[in-house]
Amino acid sequence: MSTRVAYLLKKFPRLSETFILNELLAQERLGRELHIFSRRAPDNEPRHPELARLQATVENLPPKSEIDPWEMLVGDDSNPDDLLGKLGALVREVRTWGHARTPSLLVEALHMLKRTRELGIEHVHVHFATDSAVVAMLMRKLGGPSYSITAHAKDIYRETVDYRFLDILVRNSAFVVTVCDANRKWMGERLSPEAMKKVRKLYNGIDLRSFVADGSPREPNHVLGVGRLVEKKGFHLLVEALTQLLKKGVDLNATLIGDGDQKASLEQLIGARGVGARVKMLGPRDQAEVRGFMSRAAIMVQPCLIGNDGNRDALPTVLIESLAMKLPSISTPVTGIPEILDQGRCGVLVPENDVQATADAIEALLRDPARREKIAVDGRKRAEELFDSEKTSRVLSDWFDQALEAGRACASSV
């Protein structure tokens, strides 16, 4: 396959967005040549070792202050079509959208239009129905490639989401992927029937060959938590539950891995509860290190919740990874989590925001190795059934091919 598909992302790479890296690597394993546009320079943070396997070129967009839209509009002979006329029509349409950042994003769209033409890219895929998706839509309306979107959580659940504008983004796309049935139901209650014809459910997949326990003996009292240290992950609830158990005399040690805006408050909470000797925060770690902890821990706890702004997890990748690693997990029935844990048959579900229920579930699972073993075996089977990137990546690749074929058919009919 030649370079026909590009990914347009806000920042790449990102330590927390392993699902995107997994997807890119899976597409390359199928033989698809990709080009990645990162709208912003990546953060200075650890890099996953798997990143070294990525073959795609990663191109950072220049700062908006360095982009000259007039050069592209009137000084580029490679644009035989009436780009200036299209821009005028688009500006008139944009006024009806009420999207405050559109003028700024138009500059990026013009730059992207030029680059996709230079590279021969015919389709652009975006993760999150946010500004990157707006850039892709603007580029399409200016005569650029078709686009598709993967919608996750913050882009559809936050109270700030403008569903009228989201409807416009979806209707103009070739297709929209969302990562669980719960998401699709939520969107179906808020978007038009025309838009929902474009929405398809596809679970995030992982490379199951990489997520296999390394044979280390399980530490029978080791509780693990992995994820961004943000409100929706609920790690403060985990700390409170662990505190209850430690005061009760339960013998356990806990490790929290991740970084985020709640890091300081969690450190303060651990200190205030006097559990720092048993509850350790390790900061961010790459995938290889996380897999090592998953191989040794007894259980994982992800007490996810719906944030004050409506944001929530849709399909936490770390829970999918725990299934594959045969690591029994405790989580909550938020959005797609019951789909991962098979309504509690491949893990334990407790009510969200319930410290006592979380503590009780941790204690019960730590005391029941037979149940942990059954969950481990059933979880691995579920990962193989639903979350194998070898399967999910083929579905997405077929959708890319269909979008490419539709775009070529449209171009030939003009």
# chains A, B, ... in the order shown; residues from 1 in each chain; ligands from 1
>>> residues_around(residues="Lys280 (chain A)", least_positions_apart="3", cutoff="9 Å", atoms="only C-alpha atoms", output="list in words")
Asn253, Ala254, Thr255, Leu256, Ile257, Ile270, Val275, Gly276 and Ala277 of chain A
>>> residues_around(residues="region 330-340 of chain A", least_positions_apart="4", cutoff="7 Å", atoms="only C-alpha atoms", output="list of chain:residue names")
A:Cys180, A:Asp181, A:Ala182, A:Asn183, A:Met300, A:Val301, A:Gln302, A:Pro303, A:Cys304, A:Leu305, A:Asp313, A:Ala314, A:Leu315, A:Ile320, A:Gly344, A:Gly347, A:Val348, A:Leu349, A:Val350, A:Pro351, A:Glu352
>>> select_by_dssp(residues="region 37-173 of chain A", states="helix (DSSP H, G or I)", output="PyMOL selection string")
chain A and resi 49-53+64-66+69-74+83-94+102-119+131-141+154-157+163-171
>>> closest_residue(among="A:Glu33, A:Glu385, A:Asp309, A:Glu373", to="Thr57 (chain A)", atoms="only C-alpha atoms")
A:Glu33
>>> select_by_dssp(residues="region 113-298 of chain A", states="strand (DSSP E or B)", output="number ranges by chain")
A: 123-127, 146-151, 175-178, 199-201, 206, 222-226, 253-257, 279-283
>>> atom_distance(atom1="CA of Leu24 (chain A)", atom2="CA of Arg53 (chain A)")
10.1 Å
>>> residues_around(residues="Gly260 (chain A)", least_positions_apart="5", cutoff="10 Å", atoms="only C-alpha atoms", output="ChimeraX atom specification")
/A:16,227-231,283-284
>>> closest_residue(among="A:Arg95, A:His123, A:His222, A:Lys391", to="Arg408 (chain A)", atoms="only C-alpha atoms")
A:His123
>>> closest_residue(among="A:Arg382, A:Arg14, A:Arg209, A:Lys197", to="Glu45 (chain A)", atoms="only C-alpha atoms")
A:Arg14
>>> residues_around(residues="Leu237 (chain A)", least_positions_apart="3", cutoff="9 Å", atoms="only C-alpha atoms", output="VMD selection string")
chain A and resid 234 240 to 242 303 353 to 355 358
>>> write_last_selection(atoms="C-alpha atoms", output="PDB file, in the first residue's frame")
ATOM      1  CA  GLY A 234     -11.038   7.819  40.861  1.00  0.00           C
ATOM      2  CA  GLU A 240      -9.342   5.828  50.859  1.00  0.00           C
ATOM      3  CA  ALA A 241     -10.287   2.156  50.351  1.00  0.00           C
ATOM      4  CA  LEU A 242      -6.691   1.040  50.903  1.00  0.00           C
ATOM      5  CA  PRO A 303     -12.376   2.940  40.474  1.00  0.00           C
ATOM      6  CA  ASN A 353     -17.861   6.651  44.216  1.00  0.00           C
ATOM      7  CA  ASP A 354     -18.254   3.894  46.821  1.00  0.00           C
ATOM      8  CA  VAL A 355     -15.176   3.581  49.040  1.00  0.00           C
ATOM      9  CA  THR A 358     -14.263  -0.874  46.742  1.00  0.00           C
TER      10      THR A 358
END
>>> closest_residue(among="A:His48, A:Glu17, A:Ser173, A:Val377", to="Arg285 (chain A)", atoms="only C-alpha atoms")
A:His48
>>> closest_residue(among="A:Val124, A:Leu341, A:Leu54, A:Met187", to="Gly407 (chain A)", atoms="only C-alpha atoms")
A:Val124
>>> decode(residues="region 194-302 of chain A", atoms="C-alpha atoms", output="compact mmCIF listing (two decimals), in the first residue's frame")
# COMPACT_ATOMS: atom_id res chain seq x y z
CA GLU A 194 -28.38 11.16 9.40
CA ALA A 195 -25.28 11.50 11.57
CA MET A 196 -25.80 8.16 13.30
CA LYS A 197 -25.68 6.37 9.96
CA LYS A 198 -21.96 7.23 9.99
CA VAL A 199 -21.26 5.93 13.53
CA ARG A 200 -19.79 2.44 13.99
CA LYS A 201 -18.67 0.61 17.12
CA LEU A 202 -15.18 -0.88 17.17
CA TYR A 203 -13.37 -1.84 20.34
CA ASN A 204 -9.78 -0.72 20.83
CA GLY A 205 -7.46 -3.65 20.29
CA ILE A 206 -4.08 -4.54 21.76
CA ASP A 207 -1.28 -6.75 20.49
CA LEU A 208 -2.00 -9.88 22.53
CA ARG A 209 1.44 -11.27 21.71
CA SER A 210 2.98 -8.46 23.78
CA PHE A 211 0.56 -8.69 26.70
CA VAL A 212 1.42 -12.03 28.25
CA ALA A 213 2.43 -12.42 31.89
CA ASP A 214 6.20 -12.91 32.07
CA GLY A 215 6.04 -15.85 34.47
CA SER A 216 6.97 -13.88 37.57
CA PRO A 217 5.30 -15.19 40.72
CA ARG A 218 2.28 -13.15 41.73
CA GLU A 219 2.75 -11.10 44.88
CA PRO A 220 -0.38 -12.21 46.75
CA ASN A 221 -1.04 -8.90 48.52
CA HIS A 222 0.02 -6.47 45.76
CA VAL A 223 -2.70 -4.05 44.58
CA LEU A 224 -1.97 -2.11 41.38
CA GLY A 225 -3.50 1.05 39.91
CA VAL A 226 -2.42 2.43 36.52
CA GLY A 227 -3.61 5.51 34.65
CA ARG A 228 -3.59 9.26 34.40
CA LEU A 229 -3.96 10.88 37.80
CA VAL A 230 -7.12 12.79 36.91
CA GLU A 231 -10.56 13.00 38.47
CA LYS A 232 -12.33 10.44 36.29
CA LYS A 233 -9.88 7.68 37.23
CA GLY A 234 -11.04 7.82 40.86
CA PHE A 235 -7.67 7.08 42.44
CA HIS A 236 -8.54 9.13 45.52
CA LEU A 237 -11.25 6.54 46.19
CA LEU A 238 -8.64 3.80 45.88
CA VAL A 239 -6.42 5.51 48.43
CA GLU A 240 -9.34 5.83 50.86
CA ALA A 241 -10.29 2.16 50.35
CA LEU A 242 -6.69 1.04 50.90
CA THR A 243 -6.54 3.19 54.04
CA GLN A 244 -9.63 1.44 55.43
CA LEU A 245 -8.12 -1.98 54.80
CA LEU A 246 -4.72 -1.13 56.25
CA LYS A 247 -6.32 0.27 59.42
CA LYS A 248 -8.33 -2.94 59.62
CA GLY A 249 -5.12 -4.92 59.55
CA VAL A 250 -5.29 -6.32 56.02
CA ASP A 251 -1.78 -7.11 54.82
CA LEU A 252 -1.34 -5.38 51.46
CA ASN A 253 0.98 -3.19 49.43
CA ALA A 254 -0.19 -0.91 46.65
CA THR A 255 1.48 0.73 43.66
CA LEU A 256 0.03 3.65 41.70
CA ILE A 257 1.56 4.34 38.29
CA GLY A 258 0.82 7.48 36.30
CA ASP A 259 0.93 11.25 36.21
CA GLY A 260 -1.63 13.99 36.02
CA ASP A 261 -3.11 17.07 37.63
CA GLN A 262 -4.15 15.18 40.77
CA LYS A 263 -0.65 13.94 41.55
CA ALA A 264 -0.01 16.49 44.32
CA SER A 265 -3.43 16.02 45.93
CA LEU A 266 -3.00 12.24 45.92
CA GLU A 267 0.43 12.53 47.50
CA GLN A 268 -1.06 14.79 50.16
CA LEU A 269 -3.92 12.35 50.76
CA ILE A 270 -1.54 9.41 51.16
CA GLY A 271 0.52 11.46 53.61
CA ALA A 272 -2.52 12.64 55.56
CA ARG A 273 -3.83 9.08 55.90
CA GLY A 274 -0.42 7.85 57.07
CA VAL A 275 -0.22 5.02 54.51
CA GLY A 276 2.86 6.10 52.60
CA ALA A 277 4.83 3.03 53.73
CA ARG A 278 2.33 0.74 51.99
CA VAL A 279 0.96 2.89 49.13
CA LYS A 280 3.64 3.99 46.68
CA MET A 281 3.28 6.43 43.78
CA LEU A 282 5.84 5.74 41.06
CA GLY A 283 4.97 8.39 38.48
CA PRO A 284 4.72 7.63 34.75
CA ARG A 285 6.20 4.40 33.40
CA ASP A 286 6.47 2.99 29.87
CA GLN A 287 4.50 -0.02 28.67
CA ALA A 288 7.29 -2.52 29.31
CA GLU A 289 7.56 -1.48 32.95
CA VAL A 290 3.79 -1.50 33.38
CA ARG A 291 3.61 -5.02 31.98
CA GLY A 292 6.18 -6.07 34.57
CA PHE A 293 3.99 -4.75 37.39
CA MET A 294 0.94 -6.41 35.82
CA SER A 295 2.81 -9.72 35.80
CA ARG A 296 3.57 -9.51 39.52
CA ALA A 297 0.49 -7.85 41.05
CA ALA A 298 -2.36 -9.84 42.56
CA ILE A 299 -5.16 -7.49 41.48
CA MET A 300 -5.71 -4.20 39.69
CA VAL A 301 -8.17 -1.55 40.87
CA GLN A 302 -9.56 1.17 38.57
